[in-house]
Every structure is written in structure tokens, then in C-alpha cells.
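Q: File follows, model03.tsv with TSV, C-alpha atoms (C1' of nucleotides):
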```tsv
chain	number	residue	atom	x	y	z
O	5	MET	CA	63.00	-145.33	203.53
O	6	ALA	CA	65.29	-148.31	204.00
O	7	GLU	CA	63.55	-150.36	201.27
O	8	LEU	CA	64.37	-147.72	198.71
O	9	GLU	CA	68.00	-147.63	199.79
O	10	ARG	CA	68.18	-151.40	199.52
O	11	LEU	CA	66.74	-151.44	196.02
O	12	ASN	CA	69.09	-148.68	195.00
O	13	ARG	CA	72.09	-150.70	196.18
O	14	LEU	CA	70.91	-153.81	194.36
O	15	LEU	CA	70.30	-151.96	191.11
O	16	THR	CA	73.69	-150.27	191.30
O	17	GLU	CA	75.36	-153.59	192.05
O	18	PHE	CA	73.58	-155.17	189.10
O	19	TYR	CA	74.63	-152.33	186.83
O	20	ASP	CA	78.26	-152.56	187.89
O	21	LYS	CA	78.40	-156.32	187.45
O	22	MET	CA	76.73	-156.11	184.05
O	23	SER	CA	79.25	-153.47	183.09
O	24	SER	CA	82.29	-155.54	184.01
O	25	TRP	CA	80.80	-158.64	182.41
O	26	GLU	CA	80.39	-156.75	179.14
O	27	GLN	CA	83.92	-155.42	179.40
O	28	SER	CA	85.42	-158.87	179.93
O	29	VAL	CA	83.39	-160.33	177.06
O	30	VAL	CA	84.46	-157.55	174.71
O	31	LYS	CA	88.10	-157.96	175.67
O	32	GLU	CA	88.02	-161.45	174.13
O	33	THR	CA	87.09	-159.99	170.74
O	34	ASP	CA	89.06	-157.94	168.22
O	35	TYR	CA	86.79	-154.95	168.75
O	36	SER	CA	86.53	-152.15	171.30
O	37	LEU	CA	83.63	-151.60	173.70
O	38	ALA	CA	82.38	-148.65	171.67
O	39	GLN	CA	82.49	-150.71	168.49
O	40	VAL	CA	80.64	-153.68	169.97
O	41	HIS	CA	78.03	-151.35	171.40
O	42	THR	CA	77.50	-149.83	167.97
O	43	ILE	CA	77.03	-153.30	166.47
O	44	GLU	CA	74.62	-154.22	169.26
O	45	VAL	CA	72.38	-151.22	168.66
O	46	LEU	CA	72.34	-151.72	164.90
O	47	GLY	CA	71.66	-155.42	165.34
O	48	CYS	CA	68.79	-154.93	167.77
O	49	CYS	CA	67.16	-151.84	166.28
O	50	GLY	CA	68.03	-152.32	162.63
O	51	ALA	CA	69.55	-149.86	160.16
O	52	MET	CA	69.27	-146.18	160.97
O	53	ARG	CA	70.74	-142.79	160.13
O	54	MET	CA	73.86	-141.41	161.79
O	55	LYS	CA	71.99	-138.87	163.88
O	56	GLU	CA	69.67	-141.45	165.39
O	57	LEU	CA	72.48	-143.92	166.05
O	58	ALA	CA	74.59	-141.24	167.73
O	59	GLU	CA	71.68	-140.39	170.03
O	60	LYS	CA	71.12	-144.02	170.96
O	61	LEU	CA	74.83	-144.42	171.72
O	62	GLY	CA	75.04	-141.15	173.64
O	63	VAL	CA	77.83	-139.61	171.54
O	64	THR	CA	78.07	-136.74	169.07
O	65	THR	CA	77.81	-137.38	165.34
O	66	GLY	CA	81.44	-136.32	165.03
O	67	THR	CA	82.49	-139.11	167.36
O	68	LEU	CA	80.28	-141.56	165.56
O	69	THR	CA	81.72	-140.70	162.15
O	70	VAL	CA	85.13	-141.81	163.39
O	71	GLN	CA	83.78	-145.07	164.85
O	72	VAL	CA	81.77	-145.82	161.73
O	73	ASP	CA	84.89	-145.28	159.60
O	74	LYS	CA	86.65	-147.99	161.59
O	75	LEU	CA	83.74	-150.41	161.45
O	76	VAL	CA	83.39	-149.91	157.70
O	77	ARG	CA	87.11	-150.60	157.30
O	78	ALA	CA	86.65	-153.73	159.45
O	79	GLY	CA	83.84	-154.84	157.13
O	80	LEU	CA	81.12	-154.95	159.79
O	81	ILE	CA	78.89	-152.12	158.59
O	82	GLU	CA	78.07	-150.17	155.44
O	83	ARG	CA	77.06	-146.61	154.68
O	84	ARG	CA	74.08	-146.20	152.36
O	85	ALA	CA	72.36	-143.20	150.90
O	86	HIS	CA	69.05	-142.29	152.53
O	87	PRO	CA	66.28	-142.81	149.95
O	88	GLN	CA	64.44	-139.55	150.76
O	89	ASP	CA	66.92	-137.25	152.49
O	90	ARG	CA	70.12	-136.69	150.53
O	91	ARG	CA	71.87	-135.14	153.53
O	92	ALA	CA	71.47	-138.32	155.52
O	93	ILE	CA	73.48	-141.54	155.64
O	94	VAL	CA	71.90	-144.84	156.66
O	95	VAL	CA	74.20	-147.20	158.54
O	96	VAL	CA	73.53	-150.92	158.18
O	97	LEU	CA	75.23	-154.15	159.33
O	98	THR	CA	76.97	-156.28	156.70
O	99	GLU	CA	76.56	-160.05	156.73
O	100	GLU	CA	79.73	-160.30	158.82
O	101	GLY	CA	78.38	-157.64	161.14
O	102	GLU	CA	75.21	-159.69	161.59
O	103	VAL	CA	77.29	-162.72	162.50
O	104	ILE	CA	79.18	-160.77	165.14
O	105	HIS	CA	75.92	-159.42	166.50
O	106	ARG	CA	74.24	-162.84	166.71
O	107	ARG	CA	77.28	-164.26	168.44
O	108	HIS	CA	77.32	-161.44	170.99
O	109	ASN	CA	73.57	-161.62	171.55
O	110	GLN	CA	73.86	-165.34	172.25
O	111	MET	CA	76.33	-164.58	175.04
O	112	HIS	CA	73.83	-162.16	176.54
O	113	LEU	CA	71.12	-164.82	176.42
O	114	THR	CA	73.39	-167.36	178.07
O	115	LEU	CA	74.21	-164.85	180.79
O	116	VAL	CA	70.56	-164.07	181.50
O	117	GLU	CA	69.81	-167.79	181.59
O	118	GLU	CA	72.50	-168.28	184.22
O	119	LEU	CA	71.42	-165.24	186.23
O	120	THR	CA	67.83	-166.46	186.48
O	121	ARG	CA	68.81	-170.05	187.30
O	122	HIS	CA	67.18	-169.90	190.73
O	123	ILE	CA	64.21	-167.76	189.81
O	124	SER	CA	60.84	-169.46	189.39
O	125	PRO	CA	58.69	-168.83	186.29
O	126	GLU	CA	56.20	-166.89	188.43
O	127	GLN	CA	58.92	-164.68	189.87
O	128	GLU	CA	60.33	-164.20	186.40
O	129	SER	CA	56.98	-162.89	185.19
O	130	GLU	CA	56.91	-160.46	188.11
O	131	LEU	CA	60.44	-159.38	187.27
O	132	ILE	CA	59.50	-158.76	183.65
O	133	GLY	CA	56.54	-156.71	184.80
O	134	CYS	CA	58.69	-154.59	187.09
O	135	LEU	CA	61.29	-153.97	184.41
O	136	GLU	CA	58.64	-152.88	181.94
O	137	LYS	CA	57.24	-150.42	184.45
O	138	MET	CA	60.67	-149.08	185.38
O	139	ASN	CA	61.87	-148.70	181.80
O	140	ARG	CA	58.73	-146.74	181.03
O	141	GLU	CA	59.49	-144.22	183.79
O	142	PHE	CA	62.93	-143.14	182.56
K	109	MET	CA	62.79	-169.54	174.68
K	110	ALA	CA	60.89	-166.32	174.02
K	111	GLU	CA	60.64	-165.44	177.73
K	112	LEU	CA	64.40	-165.41	178.03
K	113	GLU	CA	64.73	-163.19	174.99
K	114	ARG	CA	62.18	-160.79	176.44
K	115	LEU	CA	63.97	-160.57	179.76
K	116	ASN	CA	67.25	-160.05	177.98
K	117	ARG	CA	65.82	-157.12	176.03
K	118	LEU	CA	64.37	-155.54	179.15
K	119	LEU	CA	67.59	-155.87	181.11
K	120	THR	CA	69.61	-154.42	178.24
K	121	GLU	CA	67.15	-151.56	177.89
K	122	PHE	CA	67.35	-150.88	181.62
K	123	TYR	CA	71.14	-150.92	181.49
K	124	ASP	CA	71.27	-148.51	178.57
K	125	LYS	CA	68.81	-146.10	180.15
K	126	MET	CA	70.66	-146.21	183.46
K	127	SER	CA	73.85	-145.52	181.58
K	128	SER	CA	72.56	-142.44	179.79
K	129	TRP	CA	70.89	-141.17	182.95
K	130	GLU	CA	74.21	-141.35	184.78
K	131	GLN	CA	75.96	-139.63	181.91
K	132	SER	CA	73.49	-136.75	181.83
K	133	VAL	CA	73.68	-136.35	185.60
K	134	VAL	CA	77.47	-136.30	185.55
K	135	LYS	CA	77.50	-133.74	182.74
K	136	GLU	CA	75.86	-131.23	185.09
K	137	THR	CA	78.81	-131.47	187.49
K	138	ASP	CA	82.41	-130.28	187.21
K	139	TYR	CA	83.70	-133.85	187.22
K	140	SER	CA	84.09	-136.60	184.64
K	141	LEU	CA	82.26	-139.93	184.62
K	142	ALA	CA	85.40	-141.76	185.74
K	143	GLN	CA	85.87	-139.30	188.60
K	144	VAL	CA	82.29	-139.53	189.82
K	145	HIS	CA	82.45	-143.30	189.66
K	146	THR	CA	85.58	-143.26	191.81
K	147	ILE	CA	83.82	-141.04	194.36
K	148	GLU	CA	80.78	-143.33	194.30
K	149	VAL	CA	82.81	-146.45	195.07
K	150	LEU	CA	84.76	-144.75	197.85
K	151	GLY	CA	81.57	-143.32	199.29
K	152	CYS	CA	79.69	-146.60	199.29
K	153	CYS	CA	82.49	-149.00	200.25
K	154	GLY	CA	84.63	-146.69	202.36
K	155	ALA	CA	88.37	-146.04	202.23
K	156	MET	CA	90.53	-148.67	200.56
K	157	ARG	CA	93.93	-149.21	199.00
K	158	MET	CA	94.72	-148.37	195.38
K	159	LYS	CA	94.83	-151.98	194.24
K	160	GLU	CA	91.39	-152.76	195.60
K	161	LEU	CA	89.87	-149.56	194.24
K	162	ALA	CA	91.36	-150.21	190.80
K	163	GLU	CA	89.80	-153.68	190.77
K	164	LYS	CA	86.39	-152.36	191.76
K	165	LEU	CA	86.57	-149.73	189.03
K	166	GLY	CA	87.86	-152.17	186.42
K	167	VAL	CA	91.01	-150.22	185.54
K	168	THR	CA	94.74	-150.76	186.06
K	169	THR	CA	96.51	-149.16	189.02
K	170	GLY	CA	98.43	-147.00	186.56
K	171	THR	CA	95.19	-145.54	185.27
K	172	LEU	CA	93.91	-145.05	188.77
K	173	THR	CA	97.02	-143.18	189.89
K	174	VAL	CA	96.31	-140.54	187.26
K	175	GLN	CA	92.65	-140.21	188.28
K	176	VAL	CA	93.52	-140.05	191.96
K	177	ASP	CA	96.04	-137.29	191.25
K	178	LYS	CA	93.26	-135.23	189.71
K	179	LEU	CA	90.79	-135.91	192.53
K	180	VAL	CA	93.41	-135.02	195.12
K	181	ARG	CA	94.10	-131.77	193.29
K	182	ALA	CA	90.34	-131.13	193.23
K	183	GLY	CA	90.22	-131.66	196.99
K	184	LEU	CA	87.80	-134.59	196.93
K	185	ILE	CA	90.06	-137.36	198.17
K	186	GLU	CA	93.25	-137.88	200.16
K	187	ARG	CA	96.11	-140.36	200.05
K	188	ARG	CA	97.07	-141.87	203.40
K	189	ALA	CA	99.77	-144.29	204.43
K	190	HIS	CA	98.57	-147.82	205.10
K	191	PRO	CA	99.06	-148.53	208.81
K	192	GLN	CA	100.53	-152.01	208.32
K	193	ASP	CA	101.81	-152.21	204.76
K	194	ARG	CA	104.23	-149.42	203.89
K	195	ARG	CA	104.02	-150.20	200.17
K	196	ALA	CA	100.34	-149.44	200.13
K	197	ILE	CA	98.35	-146.20	199.90
K	198	VAL	CA	94.88	-145.87	201.35
K	199	VAL	CA	92.54	-143.57	199.44
K	200	VAL	CA	89.84	-141.78	201.43
K	201	LEU	CA	87.17	-139.15	200.72
K	202	THR	CA	87.67	-135.69	202.16
K	203	GLU	CA	84.75	-133.84	203.76
K	204	GLU	CA	84.08	-132.18	200.40
K	205	GLY	CA	84.26	-135.57	198.70
K	206	GLU	CA	81.66	-136.87	201.14
K	207	VAL	CA	79.38	-133.97	200.29
K	208	ILE	CA	79.66	-134.72	196.57
K	209	HIS	CA	78.97	-138.37	197.24
K	210	ARG	CA	75.91	-137.73	199.37
K	211	ARG	CA	74.54	-135.35	196.77
K	212	HIS	CA	75.06	-137.89	194.00
K	213	ASN	CA	73.61	-140.73	196.04
K	214	GLN	CA	70.51	-138.66	196.72
K	215	MET	CA	69.96	-138.33	192.98
K	216	HIS	CA	70.16	-142.10	192.65
K	217	LEU	CA	67.58	-142.51	195.40
K	218	THR	CA	65.28	-140.01	193.76
K	219	LEU	CA	65.62	-141.84	190.44
K	220	VAL	CA	64.80	-145.22	191.99
K	221	GLU	CA	61.82	-143.68	193.73
K	222	GLU	CA	60.52	-142.39	190.41
K	223	LEU	CA	61.21	-145.65	188.61
K	224	THR	CA	59.22	-147.67	191.13
K	225	ARG	CA	56.32	-145.22	191.25
K	226	HIS	CA	53.87	-147.74	189.85
K	227	ILE	CA	55.23	-150.81	191.57
K	228	SER	CA	53.35	-152.16	194.58
K	229	PRO	CA	55.18	-152.97	197.84
K	230	GLU	CA	54.64	-156.69	197.20
K	231	GLN	CA	56.06	-156.48	193.71
K	232	GLU	CA	58.95	-154.45	195.04
K	233	SER	CA	59.78	-157.22	197.49
K	234	GLU	CA	59.72	-159.73	194.65
K	235	LEU	CA	61.96	-157.46	192.62
K	236	ILE	CA	64.44	-157.19	195.47
K	237	GLY	CA	64.45	-160.96	195.80
K	238	CYS	CA	65.14	-161.42	192.10
K	239	LEU	CA	67.96	-158.88	192.08
K	240	GLU	CA	69.60	-160.56	195.06
K	241	LYS	CA	69.48	-163.90	193.30
K	242	MET	CA	70.78	-162.48	190.04
K	243	ASN	CA	73.61	-160.52	191.61
K	244	ARG	CA	74.71	-163.68	193.41
K	245	GLU	CA	75.03	-165.56	190.11
K	246	PHE	CA	77.47	-163.20	188.42
H	162	DT	C1'	63.86	-117.01	146.34
H	163	DT	C1'	66.22	-116.20	150.39
H	164	DA	C1'	67.14	-117.31	155.17
H	165	DA	C1'	67.33	-120.61	158.72
H	166	DA	C1'	67.71	-125.23	160.25
H	167	DT	C1'	69.38	-129.98	159.81
H	168	DT	C1'	72.71	-133.80	158.65
H	169	DG	C1'	77.07	-135.51	158.47
H	170	DT	C1'	82.31	-134.82	158.18
H	171	DT	C1'	86.69	-132.82	159.46
H	172	DT	C1'	89.87	-130.89	162.67
H	173	DG	C1'	92.37	-129.72	166.90
H	174	DA	C1'	92.56	-130.35	171.65
H	175	DT	C1'	91.76	-132.98	175.80
H	176	DA	C1'	90.87	-137.04	178.62
H	177	DC	C1'	91.16	-141.96	179.48
H	178	DT	C1'	93.31	-146.08	179.13
H	179	DC	C1'	96.83	-149.65	178.95
H	180	DA	C1'	101.33	-152.05	179.01
H	181	DA	C1'	105.79	-151.94	180.46
H	182	DA	C1'	109.54	-150.11	183.14
H	183	DA	C1'	110.96	-148.25	187.53
H	184	DT	C1'	110.82	-147.83	192.68
H	185	DA	C1'	109.89	-149.22	197.26
H	186	DT	C1'	108.55	-152.54	200.49
H	187	DA	C1'	107.05	-157.21	202.12
H	188	DA	C1'	107.30	-162.11	202.22
H	189	DT	C1'	109.71	-166.26	201.35
H	190	DT	C1'	113.58	-169.19	200.84
H	191	DA	C1'	118.22	-170.87	201.26
S	251	DT	C1'	120.65	-163.44	208.07
S	252	DA	C1'	121.04	-162.63	203.08
S	253	DA	C1'	119.24	-163.28	198.79
S	254	DT	C1'	115.35	-164.00	196.06
S	255	DT	C1'	110.77	-163.50	194.76
S	256	DA	C1'	106.35	-161.26	195.06
S	257	DT	C1'	103.42	-157.22	195.72
S	258	DA	C1'	101.87	-152.13	195.61
S	259	DT	C1'	102.24	-148.01	193.44
S	260	DT	C1'	103.98	-144.53	190.20
S	261	DT	C1'	105.80	-143.00	185.86
S	262	DT	C1'	106.09	-142.94	180.94
S	263	DG	C1'	104.90	-143.43	176.10
S	264	DA	C1'	101.50	-144.59	172.83
S	265	DG	C1'	96.92	-145.44	171.26
S	266	DT	C1'	91.93	-144.60	171.42
S	267	DA	C1'	87.71	-142.01	172.40
S	268	DT	C1'	85.61	-137.99	172.96
S	269	DC	C1'	83.94	-133.27	172.28
S	270	DA	C1'	83.23	-128.60	170.40
S	271	DA	C1'	83.55	-125.83	166.64
S	272	DA	C1'	84.05	-124.96	161.78
S	273	DC	C1'	82.54	-126.56	157.35
S	274	DA	C1'	79.78	-128.44	153.28
S	275	DA	C1'	75.58	-130.25	151.45
S	276	DT	C1'	70.77	-130.35	151.60
S	277	DT	C1'	66.14	-129.50	153.32
S	278	DT	C1'	62.57	-126.59	155.38
S	279	DA	C1'	60.37	-122.29	156.40
S	280	DA	C1'	59.50	-117.34	155.61
```
Mind turning this structure into C-alpha cells?

A:
Amino acid sequence: MAELERLNRLLTEFYDKMSSWEQSVVKETDYSLAQVHTIEVLGCCGAMRMKELAEKLGVTTGTLTVQVDKLVRAGLIERRAHPQDRRAIVVVLTEEGEVIHRRHNQMHLTLVEELTRHISPEQESELIGCLEKMNREF
Amino acid sequence: MAELERLNRLLTEFYDKMSSWEQSVVKETDYSLAQVHTIEVLGCCGAMRMKELAEKLGVTTGTLTVQVDKLVRAGLIERRAHPQDRRAIVVVLTEEGEVIHRRHNQMHLTLVEELTRHISPEQESELIGCLEKMNREF
DNA sequence: TTAAATTGTTTGATACTCAAAATATAATTA
DNA sequence: TAATTATATTTTGAGTATCAAACAATTTAA
């Protein structure tokens, strides 16, 4: 079906443009893409253990340990003991980490505002509905 | 505005899920994410020179040279002389590269079909309209 | 209590990336 | 035309990210 092909192209195009936007935004900062992504997830989802964070980021815990070391050294996150499970480490943003996150999140909001500049409120509601349905199907 | 924040969350969630889907799909193959992405771009946009391909992929030409070397060795792409500009190299998929691309593209189509399972044709048209508008604003 | 499973870290190897230097060719200028 | 400047690609050297496997500490299950 041609409609499906068309939608596929548009989604891929959107993904690619989002990807290069993020890359160019991150390049302006002192941190790497992997580091900013880690901050983003912690900022949006809140503190969590290494295992869970690694899964959300799509890397192994070994990889994450290295990244967390760097972010701790940079003063953006902290390691804390898990209150119940003594094997586990809970990773949490520091105040400075929160600042970085809020700043980055604001750029995302500004982008989305620009992207939807010519979309009516009714269309925007439809779009939100579609995204909710699609995200549920993954 | 709360609506903007909501849309931002949904778009980010979609991006992240798309990203991990692609990663898990690529893991099943013999090729890396960077390699599959190169094949995807060549398959969708057709043959092009190194400079242009590097820009579309968001890497330097130096980085691309290395990747192209590997893909040539793997038999998926070929280097050809540019008919007018003797400085330039045109990169093109081989028959095997085309097969890989078609196979990968089919997986994308299947994914999009699943994602839109509960979206009506009317909503889908709206969605397509929104994506076109958004992609234009980047 | 013992055995098995889970959580996180360390280590060694590999892949990806960039910036800068080098090479070849094209385009422009004097 | 000859010299200069710009462009396209490759090569090289260094840094970063990543994984798998081995390890240590702790929890869970038998």
C-alpha cells in the first residue's frame, strides 16, 4: 500500500532530522551525546538503579558504569546506596545535573513549538492521539 | 503550555522506541548500525558522492571512507568514478546491497503497519499531514 | 544452609569518530 | 597560460564508546 510507504518515509525523515538536531545541540555543550542522553533519562524518569538505567539507554551495565564514572567526576550525578537492596546503586542527578537537564529540556520544547507552528490545535490533538496509539504498539 | 509538554514527551518517547527497535533489528544482522544506516541512505536516495553521503549520515568524509572500505569488502557497495568530476567518487549499492536494503525496508514497513494498527484512515491522513508540516520546519 | 540468580564493576579487545595532514583534481584569478 | 585557491577524498593518530566475559558482593530459591 502506497499510504503505508508514504508514512514510513515521513517517520524515517522525522527520525533522521530529530537525530541530527540532537547531535548539533549536544555539540554546543561540554558533554557527549551518550552523556546528555543519560542526563535526559534521569531528568525525565527520576532516580533509578544502574540496571534499569542501562536498559532504558540500551547499553550494558559495564558500559554504563564507565559513563556514570565520568558524569560523577563532572559533578552532574551521584551514586547512592539502594535502601533495600545492598547490591544495587541508585543514580540520581545533582543540582547541577538538574540545571543541565532543564536547560536541555527547554530546547526540546522550543523545537517542538517551532515544528508545530503551522499545525492547528485540532490537528495537534489528533497528532497526540496518534502518537499515543503508536507508542503503545511498540 | 501543558499541551506542548505532552507532545514533547510523546515525540521523545517515539524517538527512543524507534531507536531501540532499530538497534535490536540491526543486532540480528551481520552488520553494524552505522553500516546499515549507510545502506539505508544509499537504498532510499540512490547512488551519490562521498561528500553528500557523509553529510546525510552526519559524519566526516574521513569517517565515511573507513565505513565504505568495510562495506566494499563485504560486497554491499561499490566505488565508481564520477563521470564529470575526477576528484569525486560515487558510491553505489551492489545487487547484494540492494537485497539487504529491500529486506531492511520491509521490516520498517511491517513495523509501521503494526504501529498504525488502531489508527483509522482519516486519522492516518491527518498524521501524514502533520508529519509533512513538521519535517518542513526543521 | 547451600546453590543459583542478580547487581554492579573491571578488564581487554574492537569499532566509531574526529581533526589534521596529504594527495589529486577543479575552478578562479592574474 | 600559469599560478593560486578551493574542493573531494584518503590516510593517520588519538580519543571515546561499546561489548563480552570474568569477578565480587548480595539476594533469592531449593

Q: Please report as a PyMOL selection string which residues of chain H come no farther than 9 Å from chain K, using all atoms listed in the file.

A: chain H and resi 177-179+185-187

Q: What residues in chain S have any atom no more than 12 Å from chain K when counting all atoms listed in the file, and can you write them as a PyMOL selection string?

A: chain S and resi 257-262+268

Q: Which one of K:Val134, K:Val144, K:Val220, K:Met156 sits closest to chain O if you count all atoms listed in the file?

A: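 Going through K:Val134, K:Val144, K:Val220, K:Met156 one by one, the smallest distance to chain O is for K:Val220.
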
Q: Which distance in Å separates atom CA of Leu118 of chain K and atom CA of Ser28 of chain O, to one decimal?

A: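 Atom-to-atom, atom CA of Leu118 of chain K and atom CA of Ser28 of chain O are spaced 21.3 Å apart.
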
Q: Just the number, please: distance in Å from atom CA of Lys164 of chain K to atom CA of Glu148 of chain K, one decimal.

A: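 These two atoms are separated by 10.9 Å.
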